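This is query14.pdb. It holds PDB, C-alpha atoms.
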```pdb
ATOM      1  CA  MET A  67       0.000   0.000   0.000  1.00  0.00           C
ATOM      2  CA  ALA A  68       1.314   3.423  -0.874  1.00  0.00           C
ATOM      3  CA  SER A  69       1.481   5.905   1.965  1.00  0.00           C
ATOM      4  CA  ARG A  70      -1.416   8.335   2.208  1.00  0.00           C
ATOM      5  CA  LEU A  71      -1.830  11.795   3.678  1.00  0.00           C
ATOM      6  CA  ASN A  72      -5.217  13.057   4.855  1.00  0.00           C
ATOM      7  CA  PRO A  73      -6.902  15.168   7.546  1.00  0.00           C
ATOM      8  CA  TYR A  74      -7.716  13.562  10.906  1.00  0.00           C
ATOM      9  CA  ILE A  75     -10.450  15.363  12.844  1.00  0.00           C
ATOM     10  CA  GLY A  76     -11.082  15.142  16.583  1.00  0.00           C
ATOM     11  CA  PHE A  77     -14.624  15.325  17.952  1.00  0.00           C
ATOM     12  CA  ASN A  78     -16.176  15.833  21.372  1.00  0.00           C
ATOM     13  CA  GLY A  79     -18.303  12.668  21.522  1.00  0.00           C
ATOM     14  CA  ASP A  80     -20.166  13.156  18.242  1.00  0.00           C
ATOM     15  CA  ALA A  81     -17.776  11.547  15.734  1.00  0.00           C
ATOM     16  CA  ARG A  82     -20.372   8.917  14.744  1.00  0.00           C
ATOM     17  CA  GLN A  83     -22.950  11.583  13.892  1.00  0.00           C
ATOM     18  CA  ALA A  84     -20.362  13.722  12.073  1.00  0.00           C
ATOM     19  CA  PHE A  85     -19.118  10.847   9.915  1.00  0.00           C
ATOM     20  CA  GLU A  86     -22.648   9.689   9.116  1.00  0.00           C
ATOM     21  CA  PHE A  87     -23.316  13.270   7.958  1.00  0.00           C
ATOM     22  CA  TYR A  88     -20.106  13.351   5.864  1.00  0.00           C
ATOM     23  CA  LYS A  89     -21.166  10.039   4.274  1.00  0.00           C
ATOM     24  CA  GLU A  90     -24.482  11.662   3.279  1.00  0.00           C
ATOM     25  CA  VAL A  91     -22.586  14.638   1.829  1.00  0.00           C
ATOM     26  CA  PHE A  92     -19.791  12.813  -0.020  1.00  0.00           C
ATOM     27  CA  GLY A  93     -21.041   9.219  -0.367  1.00  0.00           C
ATOM     28  CA  GLY A  94     -18.563   6.373  -0.121  1.00  0.00           C
ATOM     29  CA  GLU A  95     -17.609   3.650   2.328  1.00  0.00           C
ATOM     30  CA  LEU A  96     -17.673   4.413   6.050  1.00  0.00           C
ATOM     31  CA  ALA A  97     -15.874   2.310   8.692  1.00  0.00           C
ATOM     32  CA  LEU A  98     -16.454   3.063  12.380  1.00  0.00           C
ATOM     33  CA  ASN A  99     -14.641   1.385  15.290  1.00  0.00           C
ATOM     34  CA  THR A 100     -15.240   2.060  18.979  1.00  0.00           C
ATOM     35  CA  PHE A 101     -12.740   2.052  21.825  1.00  0.00           C
ATOM     36  CA  GLY A 102     -14.552  -1.024  23.158  1.00  0.00           C
ATOM     37  CA  GLU A 103     -13.865  -2.941  19.949  1.00  0.00           C
ATOM     38  CA  PHE A 104     -10.136  -2.377  20.495  1.00  0.00           C
ATOM     39  CA  GLY A 105     -10.032  -3.810  23.996  1.00  0.00           C
ATOM     40  CA  ALA A 106     -11.194  -0.860  26.089  1.00  0.00           C
ATOM     41  CA  SER A 107     -14.678  -2.256  26.767  1.00  0.00           C
ATOM     42  CA  ASP A 108     -14.661  -1.476  30.492  1.00  0.00           C
ATOM     43  CA  VAL A 109     -13.949   2.261  30.263  1.00  0.00           C
ATOM     44  CA  PRO A 110     -16.382   5.197  30.058  1.00  0.00           C
ATOM     45  CA  ASP A 111     -15.339   5.807  26.425  1.00  0.00           C
ATOM     46  CA  ALA A 112     -16.092   2.234  25.252  1.00  0.00           C
ATOM     47  CA  ASP A 113     -18.922   3.332  22.928  1.00  0.00           C
ATOM     48  CA  LYS A 114     -17.089   6.376  21.565  1.00  0.00           C
ATOM     49  CA  ILE A 115     -15.418   6.246  18.166  1.00  0.00           C
ATOM     50  CA  MET A 116     -11.709   5.368  18.350  1.00  0.00           C
ATOM     51  CA  HIS A 117     -11.290   5.500  14.565  1.00  0.00           C
ATOM     52  CA  ALA A 118     -13.554   6.488  11.686  1.00  0.00           C
ATOM     53  CA  MET A 119     -12.621   6.430   8.013  1.00  0.00           C
ATOM     54  CA  LEU A 120     -14.680   7.599   5.067  1.00  0.00           C
ATOM     55  CA  GLU A 121     -13.352   6.804   1.598  1.00  0.00           C
ATOM     56  CA  THR A 122     -15.326   8.638  -1.070  1.00  0.00           C
ATOM     57  CA  PRO A 123     -15.889   7.947  -4.780  1.00  0.00           C
ATOM     58  CA  GLN A 124     -14.060  11.225  -5.529  1.00  0.00           C
ATOM     59  CA  GLY A 125     -10.898   9.868  -3.884  1.00  0.00           C
ATOM     60  CA  TYR A 126     -11.215  11.920  -0.683  1.00  0.00           C
ATOM     61  CA  THR A 127     -10.359  10.239   2.599  1.00  0.00           C
ATOM     62  CA  LEU A 128     -11.513  11.657   5.932  1.00  0.00           C
ATOM     63  CA  MET A 129     -10.456  10.137   9.237  1.00  0.00           C
ATOM     64  CA  GLY A 130     -11.328  11.049  12.786  1.00  0.00           C
ATOM     65  CA  SER A 131     -12.203   9.980  16.308  1.00  0.00           C
ATOM     66  CA  ASP A 132     -13.806  11.084  19.531  1.00  0.00           C
ATOM     67  CA  THR A 133     -11.411  12.717  21.971  1.00  0.00           C
ATOM     68  CA  PRO A 134     -11.012  10.358  24.977  1.00  0.00           C
ATOM     69  CA  SER A 135     -12.451  11.783  28.189  1.00  0.00           C
ATOM     70  CA  HIS A 136      -8.998  11.938  29.848  1.00  0.00           C
ATOM     71  CA  LEU A 137      -7.806  14.426  27.174  1.00  0.00           C
ATOM     72  CA  ASP A 138      -8.910  18.012  26.607  1.00  0.00           C
ATOM     73  CA  PHE A 139     -11.021  18.691  23.533  1.00  0.00           C
ATOM     74  CA  GLN A 140     -10.004  22.031  22.036  1.00  0.00           C
ATOM     75  CA  PRO A 141     -12.238  23.308  19.222  1.00  0.00           C
ATOM     76  CA  GLY A 142     -10.086  24.898  16.541  1.00  0.00           C
ATOM     77  CA  ASN A 143      -7.137  22.666  17.434  1.00  0.00           C
ATOM     78  CA  ASN A 144      -8.885  19.424  16.607  1.00  0.00           C
ATOM     79  CA  ILE A 145      -7.425  18.647  13.184  1.00  0.00           C
ATOM     80  CA  SER A 146      -4.205  16.713  12.591  1.00  0.00           C
ATOM     81  CA  VAL A 147      -2.504  15.501   9.455  1.00  0.00           C
ATOM     82  CA  SER A 148      -2.444  11.714   9.196  1.00  0.00           C
ATOM     83  CA  LEU A 149       0.312   9.790   7.419  1.00  0.00           C
ATOM     84  CA  SER A 150      -0.349   6.080   7.070  1.00  0.00           C
ATOM     85  CA  GLY A 151       0.922   3.142   5.101  1.00  0.00           C
ATOM     86  CA  ASP A 152       3.061   0.036   5.421  1.00  0.00           C
ATOM     87  CA  ASP A 153       6.497   1.359   4.409  1.00  0.00           C
ATOM     88  CA  SER A 154       8.056   1.276   7.872  1.00  0.00           C
ATOM     89  CA  ALA A 155      11.392   2.822   6.877  1.00  0.00           C
ATOM     90  CA  GLU A 156       9.737   5.711   5.014  1.00  0.00           C
ATOM     91  CA  LEU A 157       7.247   6.501   7.760  1.00  0.00           C
ATOM     92  CA  HIS A 158       9.791   6.162  10.610  1.00  0.00           C
ATOM     93  CA  GLY A 159      12.029   8.574   8.693  1.00  0.00           C
ATOM     94  CA  LEU A 160       9.198  11.074   8.228  1.00  0.00           C
ATOM     95  CA  PHE A 161       8.278  10.830  11.925  1.00  0.00           C
ATOM     96  CA  ASP A 162      11.889  11.515  12.929  1.00  0.00           C
ATOM     97  CA  LYS A 163      12.181  14.486  10.548  1.00  0.00           C
ATOM     98  CA  LEU A 164       8.880  15.980  11.728  1.00  0.00           C
ATOM     99  CA  ALA A 165      10.036  15.605  15.345  1.00  0.00           C
ATOM    100  CA  GLU A 166      13.219  17.640  14.758  1.00  0.00           C
ATOM    101  CA  GLY A 167      12.665  20.861  16.707  1.00  0.00           C
ATOM    102  CA  GLY A 168       9.137  19.711  17.590  1.00  0.00           C
ATOM    103  CA  THR A 169       7.532  17.679  20.369  1.00  0.00           C
ATOM    104  CA  VAL A 170       6.791  13.969  20.320  1.00  0.00           C
ATOM    105  CA  THR A 171       3.381  13.703  21.981  1.00  0.00           C
ATOM    106  CA  MET A 172       3.175   9.899  21.633  1.00  0.00           C
ATOM    107  CA  PRO A 173       6.208   7.765  20.768  1.00  0.00           C
ATOM    108  CA  LEU A 174       5.993   5.760  17.541  1.00  0.00           C
ATOM    109  CA  GLU A 175       5.486   2.237  18.882  1.00  0.00           C
ATOM    110  CA  LYS A 176       3.310  -0.872  18.547  1.00  0.00           C
ATOM    111  CA  GLN A 177      -0.305  -0.365  19.628  1.00  0.00           C
ATOM    112  CA  MET A 178      -3.132  -2.640  20.768  1.00  0.00           C
ATOM    113  CA  TRP A 179      -4.570  -2.785  17.224  1.00  0.00           C
ATOM    114  CA  GLY A 180      -1.293  -4.240  15.935  1.00  0.00           C
ATOM    115  CA  ASP A 181       0.119  -1.254  14.019  1.00  0.00           C
ATOM    116  CA  GLU A 182       2.875   1.135  15.022  1.00  0.00           C
ATOM    117  CA  PHE A 183       1.458   4.569  15.824  1.00  0.00           C
ATOM    118  CA  GLY A 184       2.842   7.848  17.098  1.00  0.00           C
ATOM    119  CA  MET A 185       2.055  11.549  17.252  1.00  0.00           C
ATOM    120  CA  VAL A 186       4.258  14.597  16.952  1.00  0.00           C
ATOM    121  CA  ALA A 187       3.754  18.351  16.895  1.00  0.00           C
ATOM    122  CA  ASP A 188       6.287  19.797  14.464  1.00  0.00           C
ATOM    123  CA  LYS A 189       8.301  22.969  15.127  1.00  0.00           C
ATOM    124  CA  PHE A 190       5.483  25.022  13.569  1.00  0.00           C
ATOM    125  CA  GLY A 191       2.841  23.562  15.887  1.00  0.00           C
ATOM    126  CA  VAL A 192       1.210  21.298  13.281  1.00  0.00           C
ATOM    127  CA  SER A 193      -0.022  17.998  14.739  1.00  0.00           C
ATOM    128  CA  TRP A 194       0.906  14.820  12.854  1.00  0.00           C
ATOM    129  CA  MET A 195      -0.275  11.233  13.358  1.00  0.00           C
ATOM    130  CA  ILE A 196       1.783   8.404  11.838  1.00  0.00           C
ATOM    131  CA  ASN A 197       0.357   4.877  11.527  1.00  0.00           C
ATOM    132  CA  ILE A 198       2.453   2.017  10.125  1.00  0.00           C
ATOM    133  CA  GLY A 199       0.429  -1.062   9.196  1.00  0.00           C
ATOM    134  CA  GLN A 200       1.741  -4.485   8.344  1.00  0.00           C
ATOM    135  CA  PRO A 201       2.582  -4.976   4.647  1.00  0.00           C
ATOM    136  CA  GLN A 202      -0.268  -6.677   2.781  1.00  0.00           C
ATOM    137  CA  GLY A 203       0.212  -9.704   0.647  1.00  0.00           C
TER     138      GLY A 203
END
```

How would this structure read if it were set down as structure tokens?
Amino acid sequence: MASRLNPYIGFNGDARQAFEFYKEVFGGELALNTFGEFGASDVPDADKIMHAMLETPQGYTLMGSDTPSHLDFQPGNNISVSLSGDDSAELHGLFDKLAEGGTVTMPLEKQMWGDEFGMVADKFGVSWMINIGQPQG
């Protein structure tokens, strides 16, 4: 899979409704996963959206999630840039370059869903999310 770049939008508990609306607007295939589906079934956020992805016929991809209750939701600062793919060397290199002069907010490491994931705010204050999946095929 080639790496992709797209917006990642944070919501304050209404990600499901937002993505259902975006599906009505743009069409396409919508995938929604809750925190509970990824092993956090006994927490207050279990029914909230951990990851949503809408892939549209026009080639647009929107991703997003609900902000977990232990983190602050900040309207206006709720959009990140997502880089994802399965080229580990490429994406590790991009993470490291983006971190130069910036702040790693979550180290790039293996997560409960099986991928490597990390977050960094670059030196200009832009938030980046990097997800490295396992090569397909």

Closest-contact table, segment 116-162 of chain A side, partner segment 70-89 of chain A, 7 Å, counting all atoms listed in the file, as a tab-separated table:
```
residue	atom	partner	partner_atom	distance
A:Leu120	CA	A:Lys89	CA	7.0
A:Thr127	CA	A:Asn72	CA	6.3
A:Leu128	CA	A:Pro73	CA	6.0
A:Met129	CA	A:Tyr74	CA	4.7
A:Gly130	CA	A:Ile75	CA	4.4
A:Ser131	CA	A:Gly76	CA	5.3
A:Asp132	CA	A:Phe77	CA	4.6
A:Thr133	CA	A:Asn78	CA	5.7
A:Phe139	CA	A:Asn78	CA	6.3
A:Asn144	CA	A:Gly76	CA	4.8
A:Ile145	CA	A:Ile75	CA	4.5
A:Ser146	CA	A:Tyr74	CA	5.0
A:Val147	CA	A:Pro73	CA	4.8
A:Ser148	CA	A:Asn72	CA	5.3
A:Leu149	CA	A:Leu71	CA	4.8
A:Ser150	CA	A:Arg70	CA	5.5
A:Gly151	CA	A:Arg70	CA	6.4
```

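Residue membership of the PyMOL selection byres ((chain A and resi 164-180) around 9) in the shown file amounts to Phe104, Gly105, His158, Gly159, Leu160, Phe161, Asp162, Lys163, Asp181, Glu182, Phe183, Gly184, Met185, Val186, Ala187, Asp188, Lys189, Phe190, Gly191, Trp194, Ile196, Asn197, Ile198, Gly199 and Gln200 of chain A.
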
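Among the candidates A:Val192, A:Leu96, A:Leu157, A:Ala68, the residue lying nearest to Tyr126 of chain A is A:Leu96 (atoms considered: only C-alpha atoms).
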
Quick one: pull the distance between atom CA of Ala118 of chain A and atom CA of Ala155 of chain A, Å, one decimal.
25.7 Å

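The closest residue to Phe101 of chain A, picked from A:Ser154, A:Gln202, A:Gln140, A:Ser135 and counting all atoms listed in the file, is A:Ser135.
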
How far is it from atom CA of Gly93 of chain A to atom CA of Pro123 of chain A, in Å with one decimal?
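Those two atoms sit 6.9 Å apart.
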
Å distance separating atom CA of Val91 of chain A from atom CA of Ser69 of chain A, one decimal place:
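Rounded to one decimal, the two atoms are 25.6 Å apart.
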
Proximity to Pro134 of chain A - best of A:Phe92, A:Lys114, A:Glu156, A:Thr122, only C-alpha atoms:
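Looking at the shortest contact to Pro134 of chain A, the residue is A:Lys114.
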
Using all atoms listed in the file, which residue out of A:Glu90, A:Ala97, A:Leu137, A:Gln124 lies closest to Asp111 of chain A?
A:Leu137

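If you measure from each of A:Gly142, A:His136, A:Gly125, A:Ser193 to Gly94 of chain A using all atoms listed in the file, the closest one turns out to be A:Gly125.
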
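Comparing A:Met195, A:Pro201, A:Leu98, A:Glu103 by their smallest distance to Asp152 of chain A, the closest is A:Pro201 (using all atoms listed in the file).
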